[in-house]
Amino acid sequence: MGETPGAAPELWQRLAAELDRLDADAGRTLHAALARRTAPLRIQVAGRAGTGRGSVRRSLDTVLGDVVFEDAIVDAPDGPEPVLGGDVVVYVLPTRLDPVSVHPADRAALAGLDAGR
């Protein structure tokens, strides 16, 4: 109908407000979906201490635009295990010549990750 691309989010918000008026549950569902759609991408950079997570994060930060970075330190002696639940999870492993020698904490963290992330 000749709508400009910038007007599309406003149109969706008006639709959600009208849906709120007609059906509150459906309105809440649409508002939640719109919030997820318009939120910036959340990238978690995870791994054990000393593996180069900071370097990977800085490299990603220089090439990516509107994203939110979260650090996730795995197997920290004084901290809880992080929940790996970003939109994208970048798991940093130390360089090893033998793949059999992957640390058990890395294996456990990767085993619990949703394959879609």
# chains A, B, ... in the order shown; residues from 1 in each chain; ligands from 1

$ residues_around --residues "Arg42 of chain A" --least-positions-apart "3" --cutoff "8 Å" --atoms "only C-alpha atoms" --output "JSON, numbers by chain"
{"A": [67, 68, 69, 70, 86, 87, 88]}

$ write_last_selection --atoms "C-alpha atoms" --output "PDB file, in the first residue's frame"
ATOM      1  CA  VAL A  67      24.615  -6.050  18.874  1.00  0.00           C
ATOM      2  CA  VAL A  68      24.812  -6.631  22.609  1.00  0.00           C
ATOM      3  CA  PHE A  69      27.777  -8.653  23.832  1.00  0.00           C
ATOM      4  CA  GLU A  70      27.692 -10.789  26.965  1.00  0.00           C
ATOM      5  CA  GLY A  86      22.351 -15.723  23.816  1.00  0.00           C
ATOM      6  CA  ASP A  87      20.855 -15.446  20.350  1.00  0.00           C
ATOM      7  CA  VAL A  88      24.311 -16.500  19.179  1.00  0.00           C
TER       8      VAL A  88
END

$ residues_around --residues "segment 74-76 of chain A" --least-positions-apart "3" --cutoff "10 Å" --atoms "only C-alpha atoms" --output "PyMOL selection string"
chain A and resi 46-49+71+79-84+91+104-106+108-109

$ select_by_dssp --residues "chain A" --states "strand (DSSP E)" --output "list of chain:residue names"
A:Leu41, A:Arg42, A:Ile43, A:Gln44, A:Val45, A:Ala46, A:Gly47, A:Arg48, A:Val67, A:Val68, A:Phe69, A:Glu70, A:Asp71, A:Ala72, A:Ile73, A:Val74, A:Val88, A:Val89, A:Val90, A:Tyr91

$ write_last_selection --atoms "C-alpha atoms" --output "CSV table (one decimal), in the first residue's frame"
chain,number,residue,atom,x,y,z
A,41,LEU,CA,21.1,-9.4,18.6
A,42,ARG,CA,22.6,-10.8,21.8
A,43,ILE,CA,26.0,-12.5,21.3
A,44,GLN,CA,27.6,-14.4,24.1
A,45,VAL,CA,31.3,-15.0,24.0
A,46,ALA,CA,31.9,-18.0,26.2
A,47,GLY,CA,34.8,-20.1,27.3
A,48,ARG,CA,37.2,-20.7,30.1
A,67,VAL,CA,24.6,-6.1,18.9
A,68,VAL,CA,24.8,-6.6,22.6
A,69,PHE,CA,27.8,-8.7,23.8
A,70,GLU,CA,27.7,-10.8,27.0
A,71,ASP,CA,30.7,-12.5,28.5
A,72,ALA,CA,30.3,-16.0,29.8
A,73,ILE,CA,33.2,-17.4,31.8
A,74,VAL,CA,33.0,-21.2,32.1
A,88,VAL,CA,24.3,-16.5,19.2
A,89,VAL,CA,26.9,-18.3,21.4
A,90,VAL,CA,30.5,-18.1,20.3
A,91,TYR,CA,32.4,-20.7,22.4

$ residues_around --residues "Pro9 of chain A" --least-positions-apart "5" --cutoff "12 Å" --atoms "only C-alpha atoms" --output "number ranges by chain"
A: 3-4, 14-16, 31, 34-35, 37-38

$ select_by_dssp --residues "segment 5-109 of chain A" --states "alpha helix (DSSP H)" --output "PyMOL selection string"
chain A and resi 8-22+24-38+53-63+104-109

$ write_last_selection --atoms "N, CA and C atoms" --output "CSV table (one decimal), in the first residue's frame"
chain,number,residue,atom,x,y,z
A,8,ALA,N,6.8,0.5,8.8
A,8,ALA,CA,6.4,-0.8,9.1
A,8,ALA,C,6.3,-1.1,10.6
A,9,PRO,N,7.4,-0.8,11.4
A,9,PRO,CA,7.3,-1.0,12.8
A,9,PRO,C,6.1,-0.3,13.5
A,10,GLU,N,5.9,0.9,13.1
A,10,GLU,CA,4.8,1.7,13.6
A,10,GLU,C,3.5,1.1,13.3
A,11,LEU,N,3.3,0.6,12.1
A,11,LEU,CA,2.1,-0.1,11.7
A,11,LEU,C,1.9,-1.4,12.6
A,12,TRP,N,2.9,-2.1,12.8
A,12,TRP,CA,2.8,-3.3,13.7
A,12,TRP,C,2.4,-2.9,15.1
A,13,GLN,N,3.0,-1.8,15.6
A,13,GLN,CA,2.6,-1.4,16.9
A,13,GLN,C,1.2,-1.0,17.0
A,14,ARG,N,0.7,-0.3,16.0
A,14,ARG,CA,-0.8,0.0,16.0
A,14,ARG,C,-1.6,-1.2,15.9
A,15,LEU,N,-1.2,-2.2,15.1
A,15,LEU,CA,-2.0,-3.4,15.1
A,15,LEU,C,-2.0,-4.1,16.4
A,16,ALA,N,-0.8,-4.1,17.1
A,16,ALA,CA,-0.8,-4.8,18.4
A,16,ALA,C,-1.6,-4.0,19.4
A,17,ALA,N,-1.7,-2.7,19.4
A,17,ALA,CA,-2.5,-1.9,20.3
A,17,ALA,C,-4.0,-2.3,20.0
A,18,GLU,N,-4.4,-2.4,18.7
A,18,GLU,CA,-5.8,-2.7,18.4
A,18,GLU,C,-6.1,-4.2,18.9
A,19,LEU,N,-5.2,-5.1,18.7
A,19,LEU,CA,-5.3,-6.4,19.2
A,19,LEU,C,-5.5,-6.5,20.7
A,20,ASP,N,-4.7,-5.6,21.4
A,20,ASP,CA,-4.8,-5.5,22.9
A,20,ASP,C,-6.3,-5.2,23.2
A,21,ARG,N,-6.9,-4.3,22.5
A,21,ARG,CA,-8.2,-3.9,22.8
A,21,ARG,C,-9.2,-5.0,22.6
A,22,LEU,N,-9.0,-5.9,21.6
A,22,LEU,CA,-9.9,-6.9,21.2
A,22,LEU,C,-9.7,-8.2,22.0
A,24,ALA,N,-6.7,-9.4,25.0
A,24,ALA,CA,-5.5,-9.0,25.7
A,24,ALA,C,-4.5,-10.1,25.6
A,25,ASP,N,-4.8,-11.4,25.7
A,25,ASP,CA,-3.8,-12.4,25.6
A,25,ASP,C,-3.1,-12.4,24.2
A,26,ALA,N,-3.9,-12.3,23.2
A,26,ALA,CA,-3.3,-12.2,21.8
A,26,ALA,C,-2.4,-10.9,21.7
A,27,GLY,N,-2.9,-9.8,22.3
A,27,GLY,CA,-2.1,-8.6,22.2
A,27,GLY,C,-0.8,-8.7,22.9
A,28,ARG,N,-0.8,-9.4,24.1
A,28,ARG,CA,0.5,-9.6,24.8
A,28,ARG,C,1.4,-10.5,24.0
A,29,THR,N,0.9,-11.5,23.3
A,29,THR,CA,1.7,-12.4,22.5
A,29,THR,C,2.3,-11.6,21.3
A,30,LEU,N,1.6,-10.8,20.7
A,30,LEU,CA,2.1,-10.0,19.6
A,30,LEU,C,3.1,-9.0,20.0
A,31,HIS,N,2.9,-8.3,21.2
A,31,HIS,CA,3.8,-7.3,21.7
A,31,HIS,C,5.2,-8.0,22.0
A,32,ALA,N,5.1,-9.2,22.6
A,32,ALA,CA,6.3,-10.0,22.9
A,32,ALA,C,7.1,-10.4,21.7
A,33,ALA,N,6.3,-10.8,20.6
A,33,ALA,CA,7.0,-11.2,19.4
A,33,ALA,C,7.7,-9.9,18.7
A,34,LEU,N,7.0,-8.8,18.8
A,34,LEU,CA,7.6,-7.6,18.2
A,34,LEU,C,8.8,-7.1,19.0
A,35,ALA,N,8.8,-7.3,20.3
A,35,ALA,CA,9.9,-6.9,21.1
A,35,ALA,C,11.1,-7.8,20.8
A,36,ARG,N,10.9,-9.1,20.6
A,36,ARG,CA,12.0,-10.0,20.2
A,36,ARG,C,12.5,-9.7,18.9
A,37,ARG,N,11.6,-9.3,18.0
A,37,ARG,CA,12.0,-9.0,16.6
A,37,ARG,C,12.8,-7.7,16.5
A,38,THR,N,12.5,-6.8,17.3
A,38,THR,CA,13.2,-5.5,17.2
A,38,THR,C,14.4,-5.3,18.1
A,53,ARG,N,38.8,-15.1,24.9
A,53,ARG,CA,37.5,-14.6,24.7
A,53,ARG,C,37.5,-13.1,24.4
A,54,GLY,N,38.3,-12.3,25.2
A,54,GLY,CA,38.4,-10.9,25.0
A,54,GLY,C,38.8,-10.5,23.6
A,55,SER,N,39.8,-11.2,23.0
A,55,SER,CA,40.2,-10.9,21.7
A,55,SER,C,39.2,-11.2,20.7
A,56,VAL,N,38.5,-12.3,20.8
A,56,VAL,CA,37.4,-12.7,19.9
A,56,VAL,C,36.3,-11.6,20.0
A,57,ARG,N,35.9,-11.2,21.2
A,57,ARG,CA,34.9,-10.2,21.4
A,57,ARG,C,35.3,-8.9,20.7
A,58,ARG,N,36.5,-8.4,20.9
A,58,ARG,CA,37.0,-7.2,20.3
A,58,ARG,C,36.9,-7.3,18.7
A,59,SER,N,37.3,-8.5,18.2
A,59,SER,CA,37.3,-8.7,16.8
A,59,SER,C,35.9,-8.6,16.2
A,60,LEU,N,34.9,-9.2,16.9
A,60,LEU,CA,33.5,-9.2,16.5
A,60,LEU,C,33.0,-7.8,16.6
A,61,ASP,N,33.3,-7.1,17.7
A,61,ASP,CA,32.8,-5.8,17.9
A,61,ASP,C,33.2,-4.8,16.8
A,62,THR,N,34.4,-5.0,16.2
A,62,THR,CA,34.8,-4.1,15.1
A,62,THR,C,34.1,-4.3,13.8
A,63,VAL,N,33.5,-5.5,13.6
A,63,VAL,CA,32.8,-5.8,12.3
A,63,VAL,C,31.3,-5.8,12.4
A,104,PRO,N,37.3,-31.1,30.1
A,104,PRO,CA,35.9,-31.6,30.5
A,104,PRO,C,34.9,-30.5,30.7
A,105,ALA,N,35.4,-29.3,31.2
A,105,ALA,CA,34.5,-28.2,31.4
A,105,ALA,C,34.0,-27.7,30.0
A,106,ASP,N,34.9,-27.7,29.0
A,106,ASP,CA,34.4,-27.3,27.7
A,106,ASP,C,33.4,-28.3,27.1
A,107,ARG,N,33.7,-29.5,27.3
A,107,ARG,CA,32.8,-30.6,26.7
A,107,ARG,C,31.4,-30.4,27.4
A,108,ALA,N,31.4,-30.2,28.7
A,108,ALA,CA,30.1,-30.1,29.4
A,108,ALA,C,29.3,-28.9,29.0
A,109,ALA,N,30.0,-27.8,28.8
A,109,ALA,CA,29.3,-26.5,28.3
A,109,ALA,C,28.8,-26.7,26.9

$ atom_distance --atom1 "atom CA of Ala39 of chain A" --atom2 "atom CA of Asp66 of chain A"
9.5 Å

$ atom_distance --atom1 "atom CA of Ala115 of chain A" --atom2 "atom CA of Asp78 of chain A"
28.0 Å

$ atom_distance --atom1 "atom CA of Leu110 of chain A" --atom2 "atom CA of Pro94 of chain A"
13.9 Å

$ decode --residues "segment 49-65 of chain A" --atoms "all heavy atoms" --output "compact mmCIF listing (two decimals), in the first residue's frame"
# COMPACT_ATOMS: atom_id res chain seq x y z
N ALA A 49 38.61 -19.10 31.28
CA ALA A 49 39.55 -17.97 31.42
C ALA A 49 40.84 -18.28 30.66
O ALA A 49 41.31 -19.41 30.66
CB ALA A 49 39.84 -17.73 32.89
N GLY A 50 41.37 -17.26 30.00
CA GLY A 50 42.65 -17.39 29.32
C GLY A 50 42.58 -18.00 27.93
O GLY A 50 43.62 -18.30 27.34
N THR A 51 41.39 -18.18 27.39
CA THR A 51 41.29 -18.80 26.06
C THR A 51 41.25 -17.79 24.92
O THR A 51 41.29 -18.18 23.76
CB THR A 51 40.01 -19.68 25.97
OG1 THR A 51 38.88 -18.87 26.25
CG2 THR A 51 40.08 -20.84 26.94
N GLY A 52 41.16 -16.51 25.23
CA GLY A 52 41.12 -15.49 24.19
C GLY A 52 39.74 -14.93 23.92
O GLY A 52 39.50 -14.35 22.86
N ARG A 53 38.82 -15.10 24.88
CA ARG A 53 37.46 -14.58 24.71
C ARG A 53 37.47 -13.08 24.43
O ARG A 53 36.73 -12.60 23.57
CB ARG A 53 36.62 -14.84 25.97
CG ARG A 53 36.15 -16.24 26.15
CD ARG A 53 35.30 -16.41 27.42
NE ARG A 53 35.40 -15.34 28.38
CZ ARG A 53 36.39 -15.21 29.29
NH1 ARG A 53 37.35 -16.10 29.34
NH2 ARG A 53 36.41 -14.20 30.13
N GLY A 54 38.29 -12.33 25.16
CA GLY A 54 38.35 -10.88 24.98
C GLY A 54 38.79 -10.50 23.58
O GLY A 54 38.24 -9.58 22.97
N SER A 55 39.78 -11.19 23.05
CA SER A 55 40.25 -10.91 21.69
C SER A 55 39.17 -11.21 20.66
O SER A 55 38.97 -10.46 19.71
CB SER A 55 41.49 -11.76 21.38
OG SER A 55 42.55 -11.39 22.22
N VAL A 56 38.46 -12.32 20.85
CA VAL A 56 37.38 -12.68 19.93
C VAL A 56 36.28 -11.62 19.99
O VAL A 56 35.79 -11.16 18.96
CB VAL A 56 36.83 -14.08 20.25
CG1 VAL A 56 35.55 -14.36 19.47
CG2 VAL A 56 37.89 -15.14 19.95
N ARG A 57 35.94 -11.20 21.21
CA ARG A 57 34.89 -10.19 21.36
C ARG A 57 35.29 -8.88 20.69
O ARG A 57 34.49 -8.26 19.99
CB ARG A 57 34.60 -9.96 22.84
CG ARG A 57 33.53 -8.93 23.05
CD ARG A 57 33.24 -8.73 24.50
NE ARG A 57 32.31 -7.62 24.66
CZ ARG A 57 31.62 -7.39 25.73
NH1 ARG A 57 31.72 -8.19 26.76
NH2 ARG A 57 30.81 -6.37 25.80
N ARG A 58 36.52 -8.44 20.90
CA ARG A 58 36.98 -7.19 20.27
C ARG A 58 36.94 -7.30 18.75
O ARG A 58 36.56 -6.37 18.06
CB ARG A 58 38.37 -6.81 20.77
CG ARG A 58 38.37 -6.20 22.16
CD ARG A 58 39.72 -5.66 22.57
NE ARG A 58 40.74 -6.71 22.66
CZ ARG A 58 40.90 -7.53 23.70
NH1 ARG A 58 40.11 -7.43 24.74
NH2 ARG A 58 41.85 -8.43 23.71
N SER A 59 37.32 -8.46 18.23
CA SER A 59 37.29 -8.66 16.77
C SER A 59 35.86 -8.60 16.24
O SER A 59 35.59 -7.96 15.22
CB SER A 59 37.90 -10.01 16.41
OG SER A 59 39.26 -10.04 16.73
N LEU A 60 34.94 -9.25 16.94
CA LEU A 60 33.54 -9.21 16.52
C LEU A 60 32.96 -7.81 16.63
O LEU A 60 32.19 -7.37 15.78
CB LEU A 60 32.70 -10.18 17.36
CG LEU A 60 32.95 -11.66 17.14
CD1 LEU A 60 32.21 -12.48 18.18
CD2 LEU A 60 32.55 -12.07 15.74
N ASP A 61 33.35 -7.10 17.68
CA ASP A 61 32.83 -5.76 17.92
C ASP A 61 33.21 -4.80 16.80
O ASP A 61 32.45 -3.90 16.47
CB ASP A 61 33.34 -5.25 19.27
CG ASP A 61 32.57 -4.05 19.77
OD1 ASP A 61 31.41 -3.86 19.35
OD2 ASP A 61 33.12 -3.30 20.59
N THR A 62 34.37 -5.02 16.20
CA THR A 62 34.81 -4.11 15.14
C THR A 62 34.05 -4.32 13.83
O THR A 62 33.97 -3.42 13.01
CB THR A 62 36.33 -4.24 14.86
OG1 THR A 62 36.61 -5.57 14.44
CG2 THR A 62 37.14 -3.88 16.08
N VAL A 63 33.49 -5.52 13.63
CA VAL A 63 32.83 -5.79 12.35
C VAL A 63 31.30 -5.85 12.44
O VAL A 63 30.63 -5.79 11.42
CB VAL A 63 33.33 -7.12 11.72
CG1 VAL A 63 34.79 -7.00 11.35
CG2 VAL A 63 33.08 -8.30 12.61
N LEU A 64 30.76 -5.95 13.64
CA LEU A 64 29.31 -6.05 13.79
C LEU A 64 28.73 -4.72 14.26
O LEU A 64 29.35 -3.98 14.99
CB LEU A 64 28.95 -7.15 14.79
CG LEU A 64 29.40 -8.56 14.38
CD1 LEU A 64 29.08 -9.54 15.48
CD2 LEU A 64 28.73 -8.98 13.08
N GLY A 65 27.52 -4.47 13.85
CA GLY A 65 26.86 -3.21 14.19
C GLY A 65 26.12 -3.26 15.51
O GLY A 65 26.72 -3.41 16.56
